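The data block below is coords_21.csv; it holds CSV, C-alpha atoms and all ligand atoms.
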```csv
chain,number,residue,atom,x,y,z
A,1,MET,CA,0.0,0.0,0.0
A,2,ARG,CA,2.1,2.9,-1.2
A,3,ASP,CA,-0.5,5.7,-1.2
A,4,ARG,CA,-3.3,5.6,1.3
A,5,THR,CA,-4.7,8.9,0.1
A,6,THR,CA,-5.5,7.2,-3.2
A,7,THR,CA,-7.4,4.4,-1.6
A,8,MET,CA,-9.5,6.8,0.4
A,9,SER,CA,-10.4,9.1,-2.4
A,10,SER,CA,-10.9,8.6,-6.2
A,11,THR,CA,-12.1,12.0,-7.2
A,12,ALA,CA,-10.8,13.3,-10.5
A,13,LEU,CA,-8.4,15.7,-8.7
A,14,THR,CA,-6.7,13.1,-6.4
A,15,SER,CA,-6.8,9.9,-8.4
A,16,ARG,CA,-3.3,8.6,-9.1
A,17,LEU,CA,-4.6,7.5,-12.6
A,18,PHE,CA,-3.9,11.1,-13.7
A,19,GLU,CA,-0.4,11.3,-12.4
A,20,PRO,CA,2.4,11.2,-14.9
A,21,ALA,CA,4.6,8.0,-15.0
A,22,ARG,CA,7.9,6.8,-16.3
A,23,LEU,CA,8.1,3.8,-18.6
A,24,GLY,CA,11.6,2.8,-19.7
A,25,SER,CA,12.8,6.2,-21.0
A,26,LEU,CA,9.4,7.5,-21.8
A,27,HIS,CA,7.4,10.0,-19.8
A,28,LEU,CA,3.7,9.3,-19.9
A,29,PRO,CA,1.1,12.0,-19.1
A,30,ASN,CA,-1.1,9.6,-17.1
A,31,ARG,CA,-1.3,6.0,-15.9
A,32,LEU,CA,-4.1,4.8,-18.1
A,33,VAL,CA,-3.0,2.3,-20.8
A,34,MET,CA,-5.2,1.2,-23.7
A,35,ALA,CA,-5.0,-2.6,-23.6
A,36,PRO,CA,-4.3,-4.4,-26.8
A,37,LEU,CA,-7.5,-5.1,-28.6
A,38,THR,CA,-7.8,-7.3,-31.7
A,39,ARG,CA,-10.3,-5.7,-34.1
A,40,ASN,CA,-9.7,-7.6,-37.4
A,41,ARG,CA,-9.7,-4.5,-39.6
A,42,ALA,CA,-6.4,-5.0,-41.4
A,43,SER,CA,-6.3,-6.3,-45.0
A,44,ALA,CA,-6.4,-10.0,-45.7
A,45,GLY,CA,-2.6,-9.8,-46.1
A,46,GLY,CA,-2.2,-8.2,-42.7
A,47,VAL,CA,-1.6,-4.6,-43.8
A,48,PRO,CA,-3.0,-2.0,-41.4
A,49,GLN,CA,-5.7,0.1,-43.1
A,50,PRO,CA,-6.2,3.9,-42.9
A,51,ILE,CA,-9.3,3.4,-40.7
A,52,MET,CA,-7.0,2.0,-38.0
A,53,ALA,CA,-5.0,5.3,-37.9
A,54,THR,CA,-8.3,7.1,-37.2
A,55,TYR,CA,-9.3,4.6,-34.5
A,56,TYR,CA,-6.0,4.8,-32.7
A,57,ALA,CA,-5.5,8.6,-33.1
A,58,GLN,CA,-9.0,9.0,-31.5
A,59,ARG,CA,-7.6,7.3,-28.4
A,60,ALA,CA,-4.3,9.1,-28.2
A,61,SER,CA,-5.0,10.7,-24.8
A,62,ALA,CA,-4.3,7.3,-23.2
A,63,GLY,CA,-1.0,7.5,-21.3
A,64,LEU,CA,0.1,4.6,-23.6
A,65,ILE,CA,-1.6,2.7,-26.4
A,66,ILE,CA,-0.6,-0.9,-26.8
A,67,ALA,CA,-1.7,-1.7,-30.4
A,68,GLU,CA,-3.5,-5.0,-31.1
A,69,ALA,CA,-2.0,-8.4,-31.4
A,70,THR,CA,0.1,-8.5,-34.6
A,71,THR,CA,1.7,-11.5,-36.1
A,72,PRO,CA,5.5,-11.7,-36.5
A,73,ASN,CA,5.3,-14.4,-39.2
A,74,ALA,CA,2.8,-16.1,-41.5
A,75,VAL,CA,2.3,-19.3,-39.5
A,76,GLY,CA,1.7,-17.3,-36.3
A,77,GLN,CA,-1.5,-15.7,-37.7
A,78,THR,CA,-4.5,-16.4,-35.5
A,79,TYR,CA,-7.6,-15.1,-37.2
A,80,PRO,CA,-8.5,-13.4,-40.5
A,81,ASP,CA,-7.7,-9.7,-41.0
A,82,ILE,CA,-5.4,-9.3,-38.1
A,83,PRO,CA,-2.4,-7.1,-38.7
A,84,ALA,CA,1.1,-8.4,-39.4
A,85,ILE,CA,4.7,-7.0,-39.1
A,86,TYR,CA,7.0,-9.2,-41.2
A,87,HIS,CA,6.9,-7.4,-44.6
A,88,ASP,CA,7.7,-3.9,-45.9
A,89,ALA,CA,4.0,-3.3,-46.7
A,90,HIS,CA,3.1,-4.0,-43.1
A,91,VAL,CA,5.6,-1.5,-41.9
A,92,ALA,CA,4.3,1.1,-44.4
A,93,GLY,CA,0.7,0.5,-43.1
A,94,TRP,CA,1.7,0.8,-39.5
A,95,ARG,CA,3.7,4.0,-40.2
A,96,ARG,CA,0.4,5.7,-41.1
A,97,VAL,CA,-1.0,4.6,-37.8
A,98,THR,CA,1.9,5.6,-35.6
A,99,GLY,CA,2.2,9.0,-37.5
A,100,ALA,CA,-1.5,9.7,-36.8
A,101,VAL,CA,-1.1,8.8,-33.1
A,102,ARG,CA,2.0,10.8,-32.7
A,103,ALA,CA,0.4,13.8,-34.3
A,104,ALA,CA,-2.4,13.5,-31.8
A,105,GLY,CA,0.1,13.5,-28.9
A,106,GLY,CA,0.0,9.8,-28.2
A,107,THR,CA,2.6,7.1,-27.4
A,108,MET,CA,2.3,3.6,-28.8
A,109,PHE,CA,3.7,0.1,-28.4
A,110,LEU,CA,2.9,-2.8,-30.7
A,111,GLN,CA,1.9,-6.2,-29.3
A,112,LEU,CA,3.6,-9.2,-31.0
A,113,GLN,CA,1.6,-12.3,-30.9
A,114,HIS,CA,2.2,-15.8,-32.4
A,115,GLY,CA,-0.9,-17.9,-32.2
A,116,GLY,CA,0.7,-21.3,-32.0
A,117,ARG,CA,-2.1,-23.8,-32.0
A,118,ILE,CA,-4.6,-21.0,-32.3
A,119,GLY,CA,-4.5,-20.8,-36.1
A,120,HIS,CA,-5.9,-22.7,-39.0
A,121,PRO,CA,-4.8,-23.8,-42.5
A,122,ALA,CA,-8.0,-22.2,-43.8
A,123,THR,CA,-6.6,-18.9,-42.7
A,124,THR,CA,-2.9,-19.2,-43.4
A,125,GLY,CA,-2.6,-22.2,-45.7
A,126,LEU,CA,-0.2,-23.7,-43.1
A,127,THR,CA,-0.3,-26.2,-40.4
A,128,PRO,CA,-0.1,-24.4,-37.0
A,129,LEU,CA,3.1,-24.9,-35.0
A,130,ALA,CA,3.0,-25.4,-31.2
A,131,PRO,CA,5.2,-26.9,-28.4
A,132,SER,CA,3.3,-30.2,-28.7
A,133,PRO,CA,0.6,-31.7,-31.0
A,134,VAL,CA,-2.2,-30.8,-28.6
A,135,ALA,CA,-5.3,-29.6,-30.6
A,136,PHE,CA,-7.1,-26.4,-29.7
A,137,PRO,CA,-10.4,-28.0,-28.6
A,138,ASP,CA,-12.8,-25.3,-29.7
A,139,PRO,CA,-13.9,-24.1,-33.1
A,140,ILE,CA,-11.8,-21.3,-34.6
A,141,HIS,CA,-12.9,-18.4,-36.9
A,142,THR,CA,-11.5,-18.6,-40.4
A,143,PRO,CA,-12.2,-16.8,-43.7
A,144,ALA,CA,-14.3,-20.0,-44.6
A,145,GLY,CA,-16.3,-19.7,-41.4
A,146,SER,CA,-16.0,-21.5,-38.1
A,147,ARG,CA,-13.8,-24.6,-38.3
A,148,PRO,CA,-12.7,-27.2,-35.7
A,149,GLY,CA,-9.2,-26.6,-34.3
A,150,VAL,CA,-6.5,-28.7,-35.9
A,151,VAL,CA,-3.7,-30.7,-34.4
A,152,PRO,CA,-0.6,-28.5,-34.5
A,153,ARG,CA,2.8,-29.8,-35.5
A,154,ALA,CA,5.3,-29.9,-32.6
A,155,MET,CA,8.1,-27.3,-33.3
A,156,THR,CA,11.5,-28.6,-33.9
A,157,VAL,CA,14.4,-26.9,-32.1
A,158,ALA,CA,15.3,-25.3,-35.4
A,159,GLU,CA,11.8,-23.9,-35.7
A,160,ILE,CA,11.9,-22.6,-32.2
A,161,ARG,CA,15.1,-20.7,-33.1
A,162,SER,CA,13.6,-19.3,-36.3
A,163,THR,CA,10.5,-18.2,-34.4
A,164,VAL,CA,12.6,-16.4,-31.8
A,165,ALA,CA,14.4,-14.7,-34.7
A,166,ASP,CA,11.1,-13.8,-36.3
A,167,PHE,CA,10.0,-12.1,-33.1
A,168,ALA,CA,13.3,-10.1,-33.0
A,169,ALA,CA,12.9,-9.1,-36.7
A,170,ALA,CA,9.3,-8.1,-36.1
A,171,ALA,CA,10.4,-5.9,-33.2
A,172,ARG,CA,13.0,-4.2,-35.4
A,173,ARG,CA,10.3,-3.6,-38.0
A,174,ALA,CA,8.0,-2.2,-35.3
A,175,ILE,CA,10.6,0.4,-34.4
A,176,ASP,CA,11.0,1.2,-38.1
A,177,ALA,CA,7.3,1.6,-38.3
A,178,GLY,CA,7.4,4.3,-35.6
A,179,PHE,CA,6.4,2.4,-32.5
A,180,GLU,CA,8.1,3.4,-29.2
A,181,GLY,CA,8.4,-0.3,-28.3
A,182,VAL,CA,6.8,-3.7,-28.4
A,183,GLU,CA,4.9,-5.9,-26.0
A,184,VAL,CA,5.6,-9.6,-26.3
A,185,HIS,CA,2.3,-11.5,-25.8
A,186,GLY,CA,2.9,-14.3,-23.3
A,187,GLY,CA,-0.7,-14.8,-22.3
A,188,ASN,CA,-4.3,-15.7,-23.3
A,189,GLY,CA,-3.5,-19.1,-24.6
A,190,TYR,CA,-1.3,-18.2,-27.5
A,191,LEU,CA,2.1,-19.7,-28.4
A,192,ILE,CA,4.2,-18.5,-25.5
A,193,HIS,CA,1.5,-19.3,-23.0
A,194,GLN,CA,1.3,-22.8,-24.7
A,195,PHE,CA,5.0,-23.3,-23.8
A,196,LEU,CA,4.4,-22.2,-20.2
A,197,SER,CA,1.6,-24.7,-19.5
A,198,GLU,CA,2.2,-28.4,-18.9
A,199,VAL,CA,-1.3,-29.0,-20.4
A,200,THR,CA,-0.1,-27.8,-23.9
A,201,ASN,CA,3.6,-28.4,-23.5
A,202,HIS,CA,4.5,-32.1,-23.4
A,203,ARG,CA,8.1,-31.7,-24.6
A,204,THR,CA,10.8,-33.7,-23.1
A,205,ASP,CA,13.6,-31.5,-24.4
A,206,ALA,CA,15.1,-28.3,-22.9
A,207,TYR,CA,11.9,-26.4,-23.7
A,208,GLY,CA,9.6,-28.6,-21.6
A,209,ARG,CA,9.3,-30.8,-18.5
A,210,SER,CA,10.0,-28.5,-15.5
A,211,ALA,CA,9.0,-24.9,-14.9
A,212,ALA,CA,12.6,-24.0,-15.9
A,213,GLY,CA,12.1,-25.7,-19.2
A,214,ARG,CA,8.7,-24.3,-20.0
A,215,ILE,CA,9.7,-20.7,-19.4
A,216,ARG,CA,12.8,-21.1,-21.7
A,217,PHE,CA,11.0,-20.1,-24.9
A,218,ALA,CA,9.4,-17.0,-23.3
A,219,VAL,CA,12.8,-15.9,-22.0
A,220,GLU,CA,14.5,-16.5,-25.3
A,221,VAL,CA,11.9,-14.5,-27.2
A,222,VAL,CA,12.1,-11.6,-24.7
A,223,GLU,CA,15.9,-11.6,-24.7
A,224,ALA,CA,16.1,-11.7,-28.5
A,225,VAL,CA,13.6,-8.8,-28.8
A,226,ALA,CA,15.5,-6.8,-26.2
A,227,ASP,CA,18.8,-7.4,-28.0
A,228,ALA,CA,17.2,-6.3,-31.2
A,229,ILE,CA,15.6,-3.0,-30.1
A,230,GLY,CA,17.0,-2.3,-26.6
A,231,PRO,CA,15.4,-3.7,-23.4
A,232,ALA,CA,13.8,-0.3,-22.4
A,233,ARG,CA,11.5,-0.6,-25.4
A,234,VAL,CA,10.2,-4.1,-24.4
A,235,GLY,CA,7.3,-5.2,-22.3
A,236,LEU,CA,5.9,-8.7,-21.6
A,237,ARG,CA,2.2,-9.5,-21.2
A,238,ILE,CA,1.4,-12.5,-19.0
A,239,ALA,CA,-1.9,-14.1,-17.9
A,240,PRO,CA,-1.2,-16.4,-15.0
A,241,GLY,CA,-4.1,-18.9,-14.6
A,242,VAL,CA,-6.3,-17.2,-17.2
A,243,THR,CA,-8.4,-19.8,-19.1
A,244,ALA,CA,-8.9,-17.8,-22.3
A,245,ASN,CA,-8.6,-19.9,-25.5
A,246,ALA,CA,-9.0,-23.2,-23.6
A,247,MET,CA,-5.7,-22.5,-21.6
A,248,ARG,CA,-5.3,-24.5,-18.4
A,249,GLU,CA,-2.4,-24.2,-15.9
A,250,HIS,CA,-1.8,-26.2,-12.8
A,251,ASP,CA,1.4,-24.7,-11.4
A,252,ILE,CA,1.3,-21.0,-11.8
A,253,GLU,CA,2.9,-20.5,-8.4
A,254,HIS,CA,6.1,-22.1,-9.8
A,255,VAL,CA,6.1,-21.0,-13.4
A,256,TYR,CA,5.4,-17.3,-13.1
A,257,PRO,CA,7.9,-16.5,-10.2
A,258,ALA,CA,10.5,-18.4,-12.3
A,259,LEU,CA,9.7,-16.4,-15.4
A,260,VAL,CA,9.7,-13.1,-13.5
A,261,GLY,CA,12.9,-14.0,-11.8
A,262,ALA,CA,14.6,-14.9,-15.1
A,263,LEU,CA,13.6,-11.5,-16.6
A,264,ALA,CA,13.9,-9.2,-13.6
A,265,ASP,CA,17.4,-7.9,-14.3
A,266,LYS,CA,17.1,-7.4,-18.0
A,267,GLY,CA,16.2,-3.8,-17.9
A,268,LEU,CA,12.8,-4.3,-19.6
A,269,ALA,CA,10.2,-1.5,-19.8
A,270,TYR,CA,7.4,-3.3,-18.1
A,271,LEU,CA,5.5,-6.5,-17.2
A,272,HIS,CA,1.8,-6.5,-18.0
A,273,VAL,CA,-0.5,-8.7,-15.9
A,274,VAL,CA,-3.9,-9.7,-17.4
A,275,PHE,CA,-6.9,-10.0,-15.1
A,276,ALA,CA,-4.8,-8.8,-12.1
A,277,ASP,CA,-6.4,-9.3,-8.7
A,278,PRO,CA,-5.0,-7.6,-5.6
A,279,ALA,CA,-6.7,-10.4,-3.5
A,280,GLN,CA,-4.3,-13.0,-5.1
A,281,PRO,CA,-1.0,-13.7,-3.4
A,282,LEU,CA,0.6,-14.3,-6.8
A,283,PHE,CA,-0.1,-10.7,-7.8
A,284,HIS,CA,1.9,-9.5,-4.7
A,285,ARG,CA,4.7,-12.0,-5.3
A,286,ILE,CA,5.1,-10.7,-8.9
A,287,ARG,CA,5.0,-7.1,-7.7
A,288,ALA,CA,7.7,-7.8,-5.1
A,289,ASP,CA,9.9,-9.6,-7.6
A,290,TRP,CA,9.6,-7.3,-10.5
A,291,PRO,CA,11.7,-4.1,-10.3
A,292,ALA,CA,10.4,-2.2,-13.3
A,293,ALA,CA,7.0,-0.8,-14.2
A,294,LEU,CA,4.0,-3.1,-13.6
A,295,ILE,CA,0.9,-2.6,-15.8
A,296,ALA,CA,-2.1,-4.3,-14.3
A,297,ASN,CA,-5.2,-5.1,-16.3
A,298,PRO,CA,-8.0,-5.4,-13.6
A,299,ALA,CA,-10.0,-8.6,-13.3
A,300,LEU,CA,-13.5,-7.4,-14.3
A,301,PRO,CA,-16.6,-9.4,-15.3
A,302,TRP,CA,-15.9,-11.0,-18.7
A,303,PRO,CA,-17.1,-10.8,-21.5
A,304,THR,CA,-20.0,-8.8,-20.1
A,305,PRO,CA,-21.1,-6.8,-18.3
A,306,LEU,CA,-18.4,-4.1,-18.1
A,307,PRO,CA,-19.0,-2.3,-14.8
A,308,ALA,CA,-20.5,1.2,-15.3
A,309,ASP,CA,-17.2,2.8,-14.2
A,310,GLY,CA,-15.3,0.9,-16.9
A,311,GLY,CA,-12.9,-0.6,-14.4
A,312,ARG,CA,-11.7,2.7,-13.0
A,313,HIS,CA,-12.1,1.8,-9.3
A,314,ALA,CA,-10.7,-1.7,-9.8
A,315,GLY,CA,-7.7,0.1,-11.4
A,316,GLU,CA,-7.3,2.5,-8.5
A,317,ARG,CA,-7.3,-0.5,-6.1
A,318,LEU,CA,-4.5,-2.1,-8.1
A,319,LEU,CA,-2.5,1.2,-8.1
A,320,ALA,CA,-2.9,1.2,-4.3
A,321,ALA,CA,-1.7,-2.4,-4.3
A,322,GLY,CA,1.5,-1.5,-6.1
A,323,ALA,CA,0.8,-1.4,-9.8
A,324,ASP,CA,2.3,1.5,-11.7
A,325,LEU,CA,-0.1,1.7,-14.6
A,326,ILE,CA,-3.6,0.4,-15.3
A,327,SER,CA,-4.7,-1.0,-18.7
A,328,LEU,CA,-8.3,-1.1,-19.7
A,329,GLY,CA,-9.7,-2.8,-22.9
A,330,ARG,CA,-13.4,-2.5,-23.3
A,331,ALA,CA,-13.6,1.0,-21.7
A,332,PHE,CA,-11.1,2.4,-24.3
A,333,LEU,CA,-12.7,0.5,-27.1
A,334,ALA,CA,-16.0,2.2,-26.5
A,335,ASN,CA,-14.7,5.6,-25.2
A,336,PRO,CA,-12.1,7.3,-27.4
A,337,ASP,CA,-11.9,10.1,-24.7
A,338,LEU,CA,-11.9,7.8,-21.7
A,339,VAL,CA,-9.3,9.8,-19.9
A,340,GLU,CA,-11.4,13.0,-20.1
A,341,ARG,CA,-14.5,11.1,-19.1
A,342,PHE,CA,-12.8,9.8,-16.0
A,343,ARG,CA,-11.5,13.3,-15.2
A,344,ARG,CA,-15.0,14.7,-15.4
A,345,GLY,CA,-16.7,11.7,-13.8
A,346,ALA,CA,-18.8,11.5,-17.0
A,347,PRO,CA,-20.8,8.4,-18.0
A,348,LEU,CA,-19.3,5.9,-20.4
A,349,ASN,CA,-20.7,4.8,-23.8
A,350,PRO,CA,-22.2,1.3,-23.8
A,351,VAL,CA,-19.9,-1.3,-25.4
A,352,ARG,CA,-21.2,-2.8,-28.7
A,353,ALA,CA,-19.7,-6.3,-28.7
A,354,GLU,CA,-21.2,-7.3,-32.0
A,355,TYR,CA,-18.6,-5.1,-33.8
A,356,TRP,CA,-15.6,-6.3,-31.9
A,357,TYR,CA,-14.1,-8.5,-34.5
A,358,GLY,CA,-14.2,-7.2,-38.0
A,359,GLY,CA,-16.3,-4.8,-40.0
A,360,GLY,CA,-15.8,-1.1,-40.8
A,361,GLU,CA,-16.5,2.1,-39.0
A,362,LEU,CA,-19.5,0.9,-37.2
A,363,GLY,CA,-18.7,0.1,-33.6
A,364,TYR,CA,-15.0,1.1,-34.3
A,365,THR,CA,-14.5,4.8,-35.1
A,366,ASP,CA,-18.0,6.0,-34.5
A,367,TYR,CA,-18.1,5.9,-30.7
A,368,PRO,CA,-19.0,9.5,-29.6
A,369,VAL,CA,-16.7,11.7,-27.6
A,370,LEU,CA,-18.0,13.7,-24.7
A,371,ALA,CA,-18.1,17.1,-26.5
A,372,ALA,CA,-20.0,15.7,-29.4
A,373,ALA,CA,-22.4,13.9,-27.2
A,374,GLU,CA,-22.9,17.0,-25.1
A,375,GLU,CA,-23.4,19.2,-28.2
A,376,ARG,CA,-26.0,16.7,-29.6
A,377,ALA,CA,-27.9,16.4,-26.3
A,378,PRO,CA,-29.7,19.9,-26.5
A,379,ALA,CA,-30.6,19.3,-30.1
A,380,ARG,CA,-32.4,16.1,-29.2
A,381,ALA,CA,-34.2,17.8,-26.2
A,401,LIG,C1,-12.3,-7.1,-28.6
A,401,LIG,C2,-11.2,-7.6,-27.8
A,401,LIG,C3,-10.0,-7.9,-28.4
A,401,LIG,C4,-8.9,-8.3,-27.6
A,401,LIG,N1,-7.7,-8.5,-28.2
A,401,LIG,C5,-6.6,-8.7,-27.5
A,401,LIG,C6,-5.3,-8.7,-28.1
A,401,LIG,O1,-5.1,-8.5,-29.3
A,401,LIG,N2,-4.2,-9.0,-27.3
A,401,LIG,C7,-4.4,-9.2,-25.9
A,401,LIG,O2,-3.4,-9.4,-25.2
A,401,LIG,N3,-5.6,-9.1,-25.3
A,401,LIG,C8,-6.7,-8.8,-26.0
A,401,LIG,N4,-7.9,-8.7,-25.4
A,401,LIG,C9,-7.9,-8.6,-24.0
A,401,LIG,C10,-7.8,-7.2,-23.5
A,401,LIG,O3,-6.5,-6.7,-23.7
A,401,LIG,C11,-8.1,-7.1,-22.0
A,401,LIG,O4,-7.2,-7.9,-21.3
A,401,LIG,C12,-9.5,-7.5,-21.7
A,401,LIG,O5,-10.4,-6.9,-22.5
A,401,LIG,C13,-9.8,-7.3,-20.2
A,401,LIG,O6,-9.7,-5.9,-20.0
A,401,LIG,P1,-11.1,-5.0,-19.8
A,401,LIG,O7,-11.9,-5.7,-18.7
A,401,LIG,O8,-10.6,-3.6,-19.4
A,401,LIG,O9,-11.8,-5.1,-21.1
A,401,LIG,C14,-9.0,-8.3,-26.2
A,401,LIG,C15,-10.2,-8.0,-25.6
A,401,LIG,C16,-11.3,-7.6,-26.4
A,401,LIG,C17,-12.6,-7.2,-25.7
```

Mind converting the file's structure to structure tokens?
Amino acid sequence: MRDRTTTMSSTALTSRLFEPARLGSLHLPNRLVMAPLTRNRASAGGVPQPIMATYYAQRASAGLIIAEATTPNAVGQTYPDIPAIYHDAHVAGWRRVTGAVRAAGGTMFLQLQHGGRIGHPATTGLTPLAPSPVAFPDPIHTPAGSRPGVVPRAMTVAEIRSTVADFAAAARRAIDAGFEGVEVHGGNGYLIHQFLSEVTNHRTDAYGRSAAGRIRFAVEVVEAVADAIGPARVGLRIAPGVTANAMREHDIEHVYPALVGALADKGLAYLHVVFADPAQPLFHRIRADWPAALIANPALPWPTPLPADGGRHAGERLLAAGADLISLGRAFLANPDLVERFRRGAPLNPVRAEYWYGGGELGYTDYPVLAAAEERAPARA
């Protein structure tokens, strides 16, 4: 409990959410982070489209934007129309986005995500790669509609090495595209998380068996990315115990302290914990062991309903429990001016989940901002 004043009061004037923060070498104007949100509005080839520049620039008042999960290679693609960052055309598309965000005063990282077994030949033309041949048990969305998950092929050590290299190359391209840094996605059931869990990692080589083996791939990816662009530009997202995408873990008390311990002295920008809960001892263990910035994504009802305050008070509780920054997903998705709404104590727009994954402007760039909503109100009266 670092700041009892904050726990006792959450008025706009006193909330620590509006205090500036350091992140690596960056100075952020507030502690509100836009969580990475897949919106499936890139081209079929993974090129970010101009509408994405509009969407992100609208949200530039966030202290930090972490742009949506982006694939570092072709086989890592999860779903249709997600962005990529392994080709010059991807870099050019992202440059438009980062340029628009920078012009609007924002700061942006890019999330790098390899889907592992969350992928499908109907989307990529390739058999998914994973630590072990353990099929994703649920149907998966493809351009041909919903399809049963397929059995992935176990990665060879050579494929592990080339995947690590792909992450590093993607990070270099992200910097070239104008991002301030990258977030390695180690959670939500995707490739790195699949290595961490003994349910999806049955390997008997150096990348499996014990907690020390299962964290090896995550550590190698983060180290390679840090070597490529500098550690102060690198964050890691983890989701201990989160069951998204059929993920199951039975030894989070061993795996995550081992992972955090292995990365603690690397000079990274931040660790980002999904569904963080200050009532969980593991949250406090991670906080105590992690010397750099900790971004906490509060555990809120999922997928609905989002609390009326968008997660603000849960975020303030996490700041009081030792987090440095708070990431919110659905609240930023539905409120381009979330920071201003929080400052004024204004109500939030309802979230329209039917437009989350794919489509055009509807439910994407058309959420009203406060001023516009206020101007329209008298006209309707
Ligand atoms: C539409 C949508 C897309 C998401 N895409 C991603 C993603 O690309 N990468 C990721 O790490 N998490 C993703 N998430 C999870 C969010 O980053 C966040 O952890 C989650 O929404 C919980 O935060 P919230 O309660 O503030 O919404 C997504 C969530 C939603 C609603």

Residue with smallest distance to Met108 of chain A - pool A:Gly149, A:Val134, A:Leu126, A:Gly178, counting all atoms listed in the file
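Of A:Gly149, A:Val134, A:Leu126, A:Gly178, the one nearest Met108 of chain A, counting all atoms listed in the file, is A:Gly178.
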
Centre and edge lengths, as lines of an AutoDock Vina configuration file, for the axis-aligned box enclosing every listed atom of ligand LIG 401 (chain A) with 6 Å of padding on each of the six sides, in Å to one decimal?
```
center_x = -8.0
center_y = -6.5
center_z = -24.0
size_x = 21.2
size_y = 17.8
size_z = 22.6
```

Set the distance at 10 Å and use only C-alpha atoms: which residues neighbour His272 of chain A once local chain neighbours fewer than 5 positions away are removed? I'd like the list as a VMD selection string. chain A and resid 35 183 to 187 235 to 239 293 to 297 323 325 to 327

One residue among A:Ala57, A:Leu318, A:Ala226, A:Val199 is nearest to Ala104 of chain A when using all atoms listed in the file, and that residue is A:Ala57

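When atom C8 of ligand LIG 401 (chain A) is paired with atom CA of Met34 of chain A, their separation reads 10.4 Å.
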
Contacts of segment 87-102 of chain A within 8 Å, all atoms listed in the file, excl. fewer than 3 positions in-chain, as an MDAnalysis selection string
chainID A and resid 46:50 52:54 56:57 60 83:84 105:108 173:174 176:179

Restricting to all atoms listed in the file, whichever of A:His284, A:His202, A:His114, A:Arg233 is closest to ligand LIG 401 (chain A) is A:His114

For this session: Could you check how far atom CA of Leu338 of chain A sits from atom CA of Ala314 of chain A, in Å to one decimal?
Result: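 Taking atom CA of Leu338 of chain A and atom CA of Ala314 of chain A, their separation equals 15.3 Å.
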
Could you check the closest approach to ligand LIG 401 (chain A) for each of A:Ala371, A:Ala67, A:Leu328, A:Val75 and tell me which residue wins, using only C-alpha atoms and all ligand atoms?
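Smallest distance to ligand LIG 401 (chain A) is found for A:Leu328.
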
- Tell me, as a list in words, which residues lie within 7 Å of Pro231 of chain A, counting only C-alpha atoms; anything in the same chain fewer than 3 positions away does not count.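 Once the nearby chain positions are removed, what remains is Ala226, Asp227, Val234, Lys266, Gly267, Leu268 and Ala269 of chain A.
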
Residue with the minimum atom-to-atom distance to ligand LIG 401 (chain A), picked from A:Val221, A:Ala308, A:Ile286, A:Leu263 with only C-alpha atoms and all ligand atoms counted, is A:Ala308

Surrounding residues of Pro278 of chain A excluding itself and chain neighbours under 3 positions, 12 Å, all atoms listed in the file, as an MDAnalysis selection string
chainID A and resid 1 273 275 281:287 296:299 314:323

Inset, instruction - Kindly give the distance, in Å, that separates atom CA of Tyr190 of chain A and atom C12 of ligand LIG 401 (chain A), rounded to a single decimal. - result: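 For atom CA of Tyr190 of chain A relative to atom C12 of ligand LIG 401 (chain A), the distance reads 14.7 Å.
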
Residues within 8 Å of Asn335 of chain A, please, as a list of chain:residue names. Count all atoms listed in the file; anything in the same chain fewer than 6 positions from it doesn't count.
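My list of contacting residues is A:Arg59, A:Leu348, A:Asn349, A:Tyr367, A:Pro368, A:Val369.
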
For Gln111 of chain A, the closest of A:Thr243, A:Ser15, A:Thr142, A:Thr71 counting all atoms listed in the file is A:Thr71

Is there a way to get, as a PyMOL selection string, all residues within 8 Å of the point (-11.6, -21.4, -25.5) in file coordinates, counting all atoms listed in the file?
chain A and resi 136-138+243-247

Counting only C-alpha atoms, I want the residues whose atoms come within 8 Å of (-11.0, -3.1, -23.6) in the file frame, returned as a tab-separated table (two decimals) with C-alpha atoms, in the frame of the given file.
```tsv
chain	number	residue	atom	x	y	z
A	34	MET	CA	-5.20	1.20	-23.70
A	35	ALA	CA	-5.00	-2.60	-23.60
A	36	PRO	CA	-4.30	-4.40	-26.80
A	37	LEU	CA	-7.50	-5.10	-28.60
A	328	LEU	CA	-8.30	-1.10	-19.70
A	329	GLY	CA	-9.70	-2.80	-22.90
A	330	ARG	CA	-13.40	-2.50	-23.30
A	331	ALA	CA	-13.60	1.00	-21.70
A	332	PHE	CA	-11.10	2.40	-24.30
A	333	LEU	CA	-12.70	0.50	-27.10
A	334	ALA	CA	-16.00	2.20	-26.50
```
